[in-house]
Amino acid sequence: MNKNRNYTILVVDDVEDNLTIVTEILQTEGYVTVVARDGLSALRLVKESSIDLILLDIMMPIMSGIETCRFLKVEPQSASIPVIFLTANADRETIQRAYSVGGSDYIKKPFFKEELLARVQTWLSMREYELSLEKKVAQRTKEMEETQIRIMQTLGGIAEGHSSETYHHVDRVSEFTYNLALLSGMPEEEAKLLKNASALHDIGKLAIPDNILHKHGALSTREYKIMKTHAALGAEMLRKSELPLFKVAAIVAKQHHEKWDGTGYPNGIKGDKIHLYGRIVAIADVFDALLFKRSYKERWSVEEVVVYIKDMRGEHFDPQLVDLFFENLDMFLGIYHLHVEKQNLEEHLNSKKKRTILDWLLKKRL
């Protein structure tokens with residue numbers, strides 16, 4: 001147990017003398033004490049304070065210690081706090097009830113000072129150990145989630161076409177997706193999930209032949225038919241995973257090429273039968289793809305892209321989402337310009353690094 005930590009202990013008893021005796025013993029050992037004279041007051045104090053351990057009398061008016069403990073154990077904030085019952089009535093039935101409602105231990109009155117302190121130290125040590133484990137599990141879970149996200153971003157970049165530009169495309173689409181999701185009223189945690197899942201919107205392109213994926217110029221009818229299979233292929237790659245991130249990614253992969261009027265692919269579904277995830281990513285993906293040069297097309301101007309998305313309202317895109325997009329167009333253009341500046345800086349630094357290496361190699365040869 002961490003001796004340097006000031007643990008806070010809640011003592012609950014309706015008898016003033018009992019409160020005085022217990023708190024004096026605990027305070028002598030450096031513990032911080034909070035007192036309550038009934039169960040209702042105890043429940044209120046637990047909500048208002050950070051409590052490490054509770055010493056709870058069983059026989060009290062209004063609400064017994066058993067009833068108080070039952071309420072404590074159903075509240076997430078207090079469920080894990082150890083409860084040690086203090087009782088003069090230590091018959092078998094009372095003790096069984098105390099354990100059945102979530103009590104950790106009991107001490108029979110009257111008790112020795114040493115016994116009380118020993119039990120308190122034991123349960124505080126166990127409490128600290130549990131909290132330490134929870135932190136480790138939370139940290140490991142966070143690391144695993146971050147690893148999943150990095151893998152998804154990497155796979156998304158690879159699927160898009162093995163170039164630095166398409167890796168940047170994945171980052172930008174994720175950012176546009178997140179902000180449009182928030183504007184649609186999606187809760188932040190869900191919007192973050194969609195943001196990360198959107199990195200795999202074109203994962204199915206891993207199954208598309210390179211001669212089609214990297215072709216300069218327009219695709220033939222046969223090639224375009226093959227290219228369109230990437231949506232269903234991507235969903236198939238992801239559908240078997242039980243992880244929430246991949247479940248969302250499977251929806252996005254399959255539906256981000258569906259169109260509001262039903263002319264999209266792979267299933268030609270229309271309107272709000274297209275999942276909100278797919279409708280959001282559809283706008284984010286097209287907005288970004290048109291703004292940047294690809295092997296099969298030149299970049300469009302911002303003005304041209306804006307006109308296109310307006311024209312496709314109610315045809316390609318969900319009209320309500322398009323309205324939200326244009327109501328916040330300055331924000332989306334700000335994200336676009338920020339990413340362009342970041343990309344230009346990276347290219348400048350990479351170019352400078354290459355020149356430095358080349359200069360070094362030339363000097364070595366001379």
# chains A, B, ... in the order shown; residues from 1 in each chain; ligands from 1
$ residues_around --residues "Phe326 of chain A" --least-positions-apart "4" --cutoff "9 Å" --atoms "only C-alpha atoms" --output "ChimeraX atom specification"
/A:306,310,321-322,330,332
$ write_last_selection --atoms "C-alpha atoms" --output "tab-separated table (two decimals), in the first residue's frame"
chain	number	residue	atom	x	y	z
A	306	VAL	CA	-18.41	23.37	-54.99
A	310	LYS	CA	-24.40	21.52	-55.24
A	321	LEU	CA	-25.87	16.50	-45.46
A	322	VAL	CA	-25.08	18.70	-48.46
A	330	ASP	CA	-15.46	27.69	-44.63
A	332	PHE	CA	-14.13	22.32	-44.65
$ residues_around --residues "Glu258 of chain A" --least-positions-apart "2" --cutoff "8 Å" --atoms "only C-alpha atoms" --output "count of residues only"
17
$ residues_around --residues "Val302 of chain A" --least-positions-apart "2" --cutoff "12 Å" --atoms "only C-alpha atoms" --output "list of chain:residue names"
A:Phe287, A:Asp288, A:Ala289, A:Leu290, A:Leu291, A:Phe292, A:Arg299, A:Trp300, A:Glu304, A:Val305, A:Val306, A:Val307, A:Tyr308, A:Ile309, A:Leu329, A:Asp330, A:Phe332, A:Leu333, A:Gly334, A:Tyr336, A:His337
$ write_last_selection --atoms "N, CA and C atoms" --output "compact mmCIF listing (two decimals), in the first residue's frame"
# COMPACT_ATOMS: atom_id res chain seq x y z
N PHE A 287 -15.45 15.02 -52.35
CA PHE A 287 -14.93 16.36 -52.14
C PHE A 287 -13.40 16.36 -52.23
N ASP A 288 -12.77 15.41 -51.57
CA ASP A 288 -11.31 15.37 -51.57
C ASP A 288 -10.76 14.86 -52.90
N ALA A 289 -11.36 13.80 -53.45
CA ALA A 289 -10.84 13.20 -54.68
C ALA A 289 -10.82 14.20 -55.84
N LEU A 290 -11.83 15.06 -55.91
CA LEU A 290 -11.90 16.03 -57.01
C LEU A 290 -10.89 17.17 -56.85
N LEU A 291 -10.52 17.46 -55.61
CA LEU A 291 -9.63 18.60 -55.36
C LEU A 291 -8.16 18.28 -55.66
N PHE A 292 -7.83 17.00 -55.87
CA PHE A 292 -6.43 16.62 -56.05
C PHE A 292 -6.24 15.80 -57.33
N ARG A 299 -6.57 17.83 -61.21
CA ARG A 299 -7.30 18.37 -60.06
C ARG A 299 -8.34 19.38 -60.52
N TRP A 300 -9.45 19.45 -59.80
CA TRP A 300 -10.47 20.45 -60.07
C TRP A 300 -10.22 21.66 -59.18
N GLU A 304 -15.10 24.64 -58.98
CA GLU A 304 -15.70 23.55 -59.76
C GLU A 304 -16.26 22.46 -58.84
N VAL A 305 -15.51 22.16 -57.78
CA VAL A 305 -15.95 21.12 -56.83
C VAL A 305 -17.22 21.57 -56.11
N VAL A 306 -17.24 22.82 -55.69
CA VAL A 306 -18.41 23.37 -54.99
C VAL A 306 -19.65 23.28 -55.88
N VAL A 307 -19.52 23.67 -57.14
CA VAL A 307 -20.65 23.62 -58.09
C VAL A 307 -21.11 22.17 -58.27
N TYR A 308 -20.16 21.25 -58.40
CA TYR A 308 -20.51 19.84 -58.62
C TYR A 308 -21.32 19.28 -57.44
N ILE A 309 -20.84 19.52 -56.23
CA ILE A 309 -21.54 18.98 -55.06
C ILE A 309 -22.94 19.59 -54.94
N LEU A 329 -19.07 25.46 -45.02
CA LEU A 329 -18.07 25.32 -46.08
C LEU A 329 -16.72 25.92 -45.70
N ASP A 330 -16.73 27.06 -45.02
CA ASP A 330 -15.46 27.69 -44.63
C ASP A 330 -14.61 26.75 -43.76
N PHE A 332 -14.66 23.41 -43.81
CA PHE A 332 -14.13 22.32 -44.65
C PHE A 332 -13.01 22.81 -45.56
N LEU A 333 -13.16 24.02 -46.09
CA LEU A 333 -12.09 24.58 -46.91
C LEU A 333 -10.86 24.88 -46.05
N GLY A 334 -11.09 25.27 -44.80
CA GLY A 334 -9.97 25.50 -43.88
C GLY A 334 -9.18 24.22 -43.64
N TYR A 336 -9.06 21.69 -45.71
CA TYR A 336 -8.41 21.41 -46.99
C TYR A 336 -7.11 22.21 -47.12
N HIS A 337 -7.16 23.51 -46.89
CA HIS A 337 -5.97 24.36 -47.03
C HIS A 337 -4.90 23.99 -46.01
$ residues_around --residues "segment 229-242 of chain A" --least-positions-apart "6" --cutoff "6 Å" --atoms "only C-alpha atoms" --output "number ranges by chain"
A: 203-205, 250, 253-254
$ write_last_selection --atoms "N, CA and C atoms" --output "mmCIF file, in the first residue's frame"
data_model
loop_
_atom_site.group_PDB
_atom_site.id
_atom_site.type_symbol
_atom_site.label_atom_id
_atom_site.label_comp_id
_atom_site.auth_asym_id
_atom_site.auth_seq_id
_atom_site.Cartn_x
_atom_site.Cartn_y
_atom_site.Cartn_z
ATOM 1 N N ILE A 203 -10.651 -0.233 -49.103
ATOM 2 C CA ILE A 203 -9.800 -1.398 -48.836
ATOM 3 C C ILE A 203 -9.963 -2.478 -49.913
ATOM 4 N N GLY A 204 -11.138 -2.527 -50.534
ATOM 5 C CA GLY A 204 -11.377 -3.522 -51.578
ATOM 6 C C GLY A 204 -10.496 -3.354 -52.797
ATOM 7 N N LYS A 205 -9.884 -2.179 -52.956
ATOM 8 C CA LYS A 205 -8.999 -1.953 -54.103
ATOM 9 C C LYS A 205 -7.736 -2.816 -54.040
ATOM 10 N N ALA A 250 -16.762 -1.915 -42.485
ATOM 11 C CA ALA A 250 -17.423 -2.780 -43.474
ATOM 12 C C ALA A 250 -18.617 -2.065 -44.102
ATOM 13 N N ALA A 253 -17.150 0.699 -46.409
ATOM 14 C CA ALA A 253 -16.564 0.134 -47.626
ATOM 15 C C ALA A 253 -17.645 -0.248 -48.640
ATOM 16 N N LYS A 254 -18.731 -0.810 -48.147
ATOM 17 C CA LYS A 254 -19.771 -1.304 -49.050
ATOM 18 C C LYS A 254 -20.658 -0.193 -49.594
#
$ residues_around --residues "Cys69 of chain A" --least-positions-apart "4" --cutoff "7 Å" --atoms "only C-alpha atoms" --output "number ranges by chain"
A: 65, 73, 101-102
$ residues_around --residues "segment 179-190 of chain A" --least-positions-apart "2" --cutoff "8 Å" --atoms "only C-alpha atoms" --output "VMD selection string"
chain A and resid 175 to 177 192 to 194 280 321 324 to 325
$ select_by_dssp --residues "segment 32-159 of chain A" --states "alpha helix (DSSP H)" --output "PyMOL selection string"
chain A and resi 39-48+65-74+92-100+113-159
$ residues_around --residues "Arg127 of chain A" --least-positions-apart "6" --cutoff "8 Å" --atoms "only C-alpha atoms" --output "list in words"
Asp52, Ile81 and Pro82 of chain A
$ select_by_dssp --residues "segment 178-353 of chain A" --states "strand (DSSP E or B)" --output "NGL selection string"
:A and (294 or 297 or 313 or 317)
$ write_last_selection --atoms "N, CA and C atoms" --output "PDB file, in the first residue's frame"
ATOM      1  N   ARG A 294      -5.088  12.949 -59.799  1.00  0.00           N
ATOM      2  CA  ARG A 294      -4.924  11.495 -59.781  1.00  0.00           C
ATOM      3  C   ARG A 294      -4.359  11.040 -61.120  1.00  0.00           C
ATOM      4  N   LYS A 297      -6.967  11.710 -63.768  1.00  0.00           N
ATOM      5  CA  LYS A 297      -7.623  13.008 -63.875  1.00  0.00           C
ATOM      6  C   LYS A 297      -6.756  14.130 -63.336  1.00  0.00           C
ATOM      7  N   ARG A 313     -26.749  17.458 -55.239  1.00  0.00           N
ATOM      8  CA  ARG A 313     -27.638  17.419 -54.067  1.00  0.00           C
ATOM      9  C   ARG A 313     -28.946  16.721 -54.456  1.00  0.00           C
ATOM     10  N   PHE A 317     -25.820  12.810 -53.576  1.00  0.00           N
ATOM     11  CA  PHE A 317     -25.625  13.013 -52.136  1.00  0.00           C
ATOM     12  C   PHE A 317     -26.921  13.294 -51.374  1.00  0.00           C
TER      13      PHE A 317
END
$ closest_residue --among "A:Val137, A:Leu245, A:Leu45, A:Leu40" --to "Ala191 of chain A" --atoms "only C-alpha atoms"
A:Leu245
$ atom_distance --atom1 "atom CA of Lys225 of chain A" --atom2 "atom CA of Asp285 of chain A"
19.7 Å
$ closest_residue --among "A:Leu124, A:Met312, A:Gly271, A:Ile54" --to "Ile283 of chain A" --atoms "only C-alpha atoms"
A:Met312
